[in-house]
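**Q** What follows is a structure written as C-alpha cells; I'll ask about it next.
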Amino acid sequence: SLHDALPILENLFNDQFKELLQAYRAKMRHLLKKNGLYAGQDAILFVLLSQSGLTQQELAETLALSKSTIGTSLKRMEKMGLVERRAYAKDSRCKCIFITESGKKLADSCQQELMGFHRYIFSAFTESEIQQINLILEQLCGRIEEYHL
C-alpha cells in the first residue's frame with residue numbers, strides 16, 4: 001500500500017536524490033574547474049554560443065539569475081578573454097555581451113566533455129530504461145508542480 005511505501009519514498013527523496021545531485025554537481029564542478037571555469041559560467045557560454053549579443057539583463061532573464069550574479073561571472077570571464085562587451089548600436093550606453101573565439105573553443109570543448117560524461121552515465125541503461133527514467137522524472141516534476149501548499 002501507499003502508506004507502507006511512504007518511508008521508502010521519503011528515503012528516496014532525502015537520501016538517494018540528494019546523493020545523486022551531490023555526486024553529479026561534484027563531477028560538474030571538477031569538469032568546470034579543469035577548464036578554468038566557475039559554476040554557472042558554462043551556462044553563460046552555452047547561451048552566448050547560440051545567442052551572442054545579449055544584454056546583461058537578457059542573459060540574466062534567460063538563465064533565471066540576478067543581473068548582479070551574471071555581472072560577477074561576466075567580469076571574470078572578460079578577464080579570461082571568453083566574452084567581451086560592446087556598445088549596443090541603438091544605445092551606446094547599453095552594452096551587449098559577445099562570446100570571443102576563445103570562449104567558443106572553450107564552450108565547444110566543455111560541451112564535448114559534458115556529452116561524453118552523459119554518454120558514460122547512461123551507457124549502463126537500455127533505451128527502454130532511459131525512457132522509463134525520463135517518464136518517472138517527468139511525472140515526479142509534474143506532481144511536485146501540481147501540489148498546492
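A note on labels: chains of the C-alpha cells are A, B, ... as shown, every chain counts residues from 1, and ligands are counted from 1 in their shown order.
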Residues within 10 Å of Met77 (chain A), please, as a PyMOL selection string. Count only C-alpha atoms; anything in the same chain fewer than 3 positions from it doesn't count.
**A** chain A and resi 36-38+41+44-45+71-74+80-84+99+103
**Q** Give me a file of those residues, with N, CA and C atoms, as a compact mmCIF listing (two decimals), in the first residue's frame.
**A**
# COMPACT_ATOMS: atom_id res chain seq x y z
N GLY A 36 38.97 25.74 -16.21
CA GLY A 36 39.18 27.11 -15.75
C GLY A 36 37.93 27.91 -15.51
N LEU A 37 36.79 27.23 -15.37
CA LEU A 37 35.52 27.92 -15.18
C LEU A 37 34.98 27.74 -13.76
N TYR A 38 34.15 28.68 -13.37
CA TYR A 38 33.40 28.58 -12.11
C TYR A 38 31.99 28.10 -12.43
N GLN A 41 29.32 29.51 -15.20
CA GLN A 41 29.94 30.16 -16.35
C GLN A 41 29.77 29.33 -17.62
N ILE A 44 26.50 30.37 -19.16
CA ILE A 44 26.63 31.66 -19.85
C ILE A 44 27.26 31.44 -21.23
N LEU A 45 28.34 30.66 -21.28
CA LEU A 45 28.99 30.38 -22.56
C LEU A 45 28.04 29.68 -23.52
N GLY A 71 26.67 39.57 -13.58
CA GLY A 71 27.71 40.59 -13.68
C GLY A 71 29.04 40.12 -13.11
N THR A 72 28.99 39.46 -11.97
CA THR A 72 30.21 38.94 -11.33
C THR A 72 30.89 37.93 -12.24
N SER A 73 30.11 37.00 -12.78
CA SER A 73 30.67 35.99 -13.68
C SER A 73 31.23 36.63 -14.94
N LEU A 74 30.50 37.59 -15.49
CA LEU A 74 30.95 38.24 -16.73
C LEU A 74 32.27 38.97 -16.54
N MET A 80 39.29 36.66 -18.51
CA MET A 80 39.81 35.43 -19.09
C MET A 80 39.78 35.47 -20.62
N GLY A 81 39.16 36.50 -21.20
CA GLY A 81 39.09 36.62 -22.64
C GLY A 81 38.03 35.74 -23.29
N LEU A 82 37.03 35.33 -22.50
CA LEU A 82 35.99 34.44 -23.02
C LEU A 82 34.79 35.20 -23.59
N VAL A 83 34.55 36.39 -23.06
CA VAL A 83 33.45 37.24 -23.53
C VAL A 83 33.95 38.68 -23.62
N GLU A 84 33.21 39.47 -24.37
CA GLU A 84 33.52 40.91 -24.44
C GLU A 84 32.21 41.68 -24.51
N ILE A 99 30.44 36.39 -27.20
CA ILE A 99 31.42 35.34 -26.91
C ILE A 99 32.60 35.54 -27.86
N GLY A 103 36.28 31.88 -26.11
CA GLY A 103 35.06 31.42 -25.44
C GLY A 103 34.36 30.32 -26.21
**Q** Identify, with DSSP run on backbone atoms, the residues in region 26-55 of chain A assigned to alpha helix (DSSP H), and express the list as JSON, numbers by chain.
**A** {"A": [26, 27, 28, 29, 30, 31, 32, 33, 34, 41, 42, 43, 44, 45, 46, 47, 48, 49, 50]}
**Q** Please dump the current selection as an mmCIF file, in the first residue's frame; keep N, CA and C atoms.
**A**
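See again27.cif below for the written result:
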data_model
loop_
_atom_site.group_PDB
_atom_site.id
_atom_site.type_symbol
_atom_site.label_atom_id
_atom_site.label_comp_id
_atom_site.auth_asym_id
_atom_site.auth_seq_id
_atom_site.Cartn_x
_atom_site.Cartn_y
_atom_site.Cartn_z
ATOM 1 N N ALA A 26 29.386 17.531 -8.016
ATOM 2 C CA ALA A 26 30.828 17.426 -7.754
ATOM 3 C C ALA A 26 31.584 17.158 -9.050
ATOM 4 N N LYS A 27 31.074 16.253 -9.875
ATOM 5 C CA LYS A 27 31.719 15.959 -11.163
ATOM 6 C C LYS A 27 31.669 17.181 -12.083
ATOM 7 N N MET A 28 30.541 17.882 -12.072
ATOM 8 C CA MET A 28 30.408 19.080 -12.905
ATOM 9 C C MET A 28 31.389 20.159 -12.445
ATOM 10 N N ARG A 29 31.507 20.375 -11.137
ATOM 11 C CA ARG A 29 32.471 21.361 -10.620
ATOM 12 C C ARG A 29 33.888 21.004 -11.060
ATOM 13 N N HIS A 30 34.216 19.712 -10.991
ATOM 14 C CA HIS A 30 35.547 19.247 -11.394
ATOM 15 C C HIS A 30 35.775 19.503 -12.887
ATOM 16 N N LEU A 31 34.780 19.175 -13.687
ATOM 17 C CA LEU A 31 34.863 19.392 -15.133
ATOM 18 C C LEU A 31 35.071 20.875 -15.432
ATOM 19 N N LEU A 32 34.317 21.747 -14.758
ATOM 20 C CA LEU A 32 34.431 23.187 -14.981
ATOM 21 C C LEU A 32 35.791 23.705 -14.521
ATOM 22 N N LYS A 33 36.190 23.283 -13.325
ATOM 23 C CA LYS A 33 37.465 23.734 -12.765
ATOM 24 C C LYS A 33 38.629 23.336 -13.681
ATOM 25 N N LYS A 34 38.547 22.117 -14.194
ATOM 26 C CA LYS A 34 39.565 21.614 -15.118
ATOM 27 C C LYS A 34 39.681 22.508 -16.353
ATOM 28 N N GLN A 41 29.324 29.514 -15.198
ATOM 29 C CA GLN A 41 29.938 30.156 -16.353
ATOM 30 C C GLN A 41 29.769 29.333 -17.622
ATOM 31 N N ASP A 42 29.655 28.028 -17.465
ATOM 32 C CA ASP A 42 29.400 27.178 -18.628
ATOM 33 C C ASP A 42 28.053 27.526 -19.248
ATOM 34 N N ALA A 43 27.048 27.745 -18.397
ATOM 35 C CA ALA A 43 25.709 28.079 -18.901
ATOM 36 C C ALA A 43 25.742 29.401 -19.667
ATOM 37 N N ILE A 44 26.499 30.369 -19.161
ATOM 38 C CA ILE A 44 26.634 31.655 -19.854
ATOM 39 C C ILE A 44 27.260 31.437 -21.225
ATOM 40 N N LEU A 45 28.339 30.659 -21.276
ATOM 41 C CA LEU A 45 28.990 30.384 -22.558
ATOM 42 C C LEU A 45 28.040 29.685 -23.525
ATOM 43 N N PHE A 46 27.285 28.705 -23.018
ATOM 44 C CA PHE A 46 26.380 27.945 -23.887
ATOM 45 C C PHE A 46 25.278 28.840 -24.456
ATOM 46 N N VAL A 47 24.764 29.755 -23.628
ATOM 47 C CA VAL A 47 23.731 30.680 -24.124
ATOM 48 C C VAL A 47 24.331 31.608 -25.180
ATOM 49 N N LEU A 48 25.501 32.169 -24.867
ATOM 50 C CA LEU A 48 26.127 33.105 -25.807
ATOM 51 C C LEU A 48 26.596 32.427 -27.087
ATOM 52 N N LEU A 49 26.868 31.135 -27.005
ATOM 53 C CA LEU A 49 27.257 30.382 -28.195
ATOM 54 C C LEU A 49 26.114 30.389 -29.218
ATOM 55 N N SER A 50 24.884 30.326 -28.723
ATOM 56 C CA SER A 50 23.739 30.306 -29.644
ATOM 57 C C SER A 50 23.082 31.683 -29.804
#
**Q** Using DSSP on the backbone coordinates, identify the residues of chain A assigned to strand (DSSP E or B); present them as a PDB file with C-alpha atoms, in the first residue's frame.
**A**
ATOM      1  CA  LEU A  54      22.556  39.726 -25.479  1.00  0.00           C
ATOM      2  CA  THR A  55      22.448  42.434 -22.835  1.00  0.00           C
ATOM      3  CA  VAL A  83      33.451  37.240 -23.531  1.00  0.00           C
ATOM      4  CA  GLU A  84      33.519  40.906 -24.441  1.00  0.00           C
ATOM      5  CA  ARG A  85      31.092  43.767 -24.013  1.00  0.00           C
ATOM      6  CA  ARG A  86      30.383  46.093 -26.905  1.00  0.00           C
ATOM      7  CA  ALA A  87      28.163  49.142 -27.193  1.00  0.00           C
ATOM      8  CA  TYR A  88      24.643  48.426 -28.431  1.00  0.00           C
ATOM      9  CA  ASP A  91      22.001  52.957 -27.495  1.00  0.00           C
ATOM     10  CA  SER A  92      25.730  53.365 -26.829  1.00  0.00           C
ATOM     11  CA  ARG A  93      25.115  53.412 -23.050  1.00  0.00           C
ATOM     12  CA  CYS A  94      23.859  49.827 -23.251  1.00  0.00           C
ATOM     13  CA  LYS A  95      26.420  47.045 -23.620  1.00  0.00           C
ATOM     14  CA  CYS A  96      25.877  43.709 -25.337  1.00  0.00           C
ATOM     15  CA  ILE A  97      27.839  40.609 -24.436  1.00  0.00           C
ATOM     16  CA  PHE A  98      29.562  38.622 -27.156  1.00  0.00           C
ATOM     17  CA  ILE A  99      31.415  35.338 -26.915  1.00  0.00           C
TER      18      ILE A  99
END
**Q** Looking at A:Ser109, A:Thr126, A:Gln132, A:Thr100, which one is nearest to Asn35 (chain A), with distances taken over only C-alpha atoms?
**A**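 Under the stated criterion, the closest residue is A:Ser109.
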